[in-house]
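Participant: First the structure, then my questions, so here it is.
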Amino acid sequence: MLGLCLGLAGTLWAQVPTDHFTLAWNHSIEKIRWEEDYRVTPKGLVLVEARVKGTGAGMEIPDDAYLVDGSWHYHPTLPILPTLRLGRTPEAGDYDICLAGKTKESQCQAMSHWIGAPTKEQAAVELWSCGSLP
């Protein structure tokens, strides 16, 4: 298993043992849940699917999205991401990292579980495949 690395500027803060995960958060203004499913590959992170529970500021739903159980699902077409940089501040709340278990039930924990709470002094984090360079 490759694993998901968390850190900044090439400095490793934590490693999460997984080959796929869901990154989830609540929009800082609209307070609407957003979820993105990623696969961890040796070349980087592959965004497989995204879901959002509604629309609002900066939350336009793509034309090909479809509604299932109250969330809009869609499949972004992005290249492999060598590094995913996230803004992370106390005011906006934390991200959740959800890992699929053997029973296919997701287990979600705040990112602070691995790297501590967001602070004004450290307002960003980067995610990358532990099998690639950050």
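Every chain in the structure tokens takes a letter, A first, then B, and so on in the order presented; its residues are numbered from 1, and the ligands are numbered from 1 following the presented order.
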So that I can check the surroundings of segment 20-36 of chain A, please list as a PyMOL selection string every protein, DNA and RNA residue that reaches within 12 Å of it, counting only C-alpha atoms and ignoring chain neighbours fewer than 6 positions away.
Facilitator: chain A and resi 1-5+44-61+70-76+84+86-101+104-111+127-129
Participant: Using backbone DSSP assignments, extract all alpha helix (DSSP H) residues from chain A; output them as a PyMOL selection string.
Facilitator: chain A and resi 112-115
Participant: Of the residues A:Ala65, A:Leu8, A:Val16, A:Leu81, which is the one nearest to Tyr38 of chain A, using only C-alpha atoms?
Facilitator: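 Between A:Ala65, A:Leu8, A:Val16, A:Leu81, the residue approaching Tyr38 of chain A most closely is A:Leu81.
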Participant: DSSP on the backbone, strand (DSSP E) only: what residues of segment 15-121 of chain A does that give? Format it as an NGL selection string.
Facilitator: :A and (15-16 or 20-26 or 33-41 or 44-52 or 66-68 or 71-74 or 84-87 or 96-100 or 106-110)
Participant: What is the atom CA of Pro79 of chain A to atom CA of Trp13 of chain A distance in Å?
Facilitator: 25.3 Å
Participant: Between atom CA of Gln15 of chain A and atom CA of Glu126 of chain A, what is the distance, to one decimal in Å?
Facilitator: 11.8 Å
Participant: Which of these residues is nearest to Arg39 of chain A, using only C-alpha atoms: A:Pro82, A:Pro62, A:Gly10, A:Gly116?
Facilitator: A:Pro82
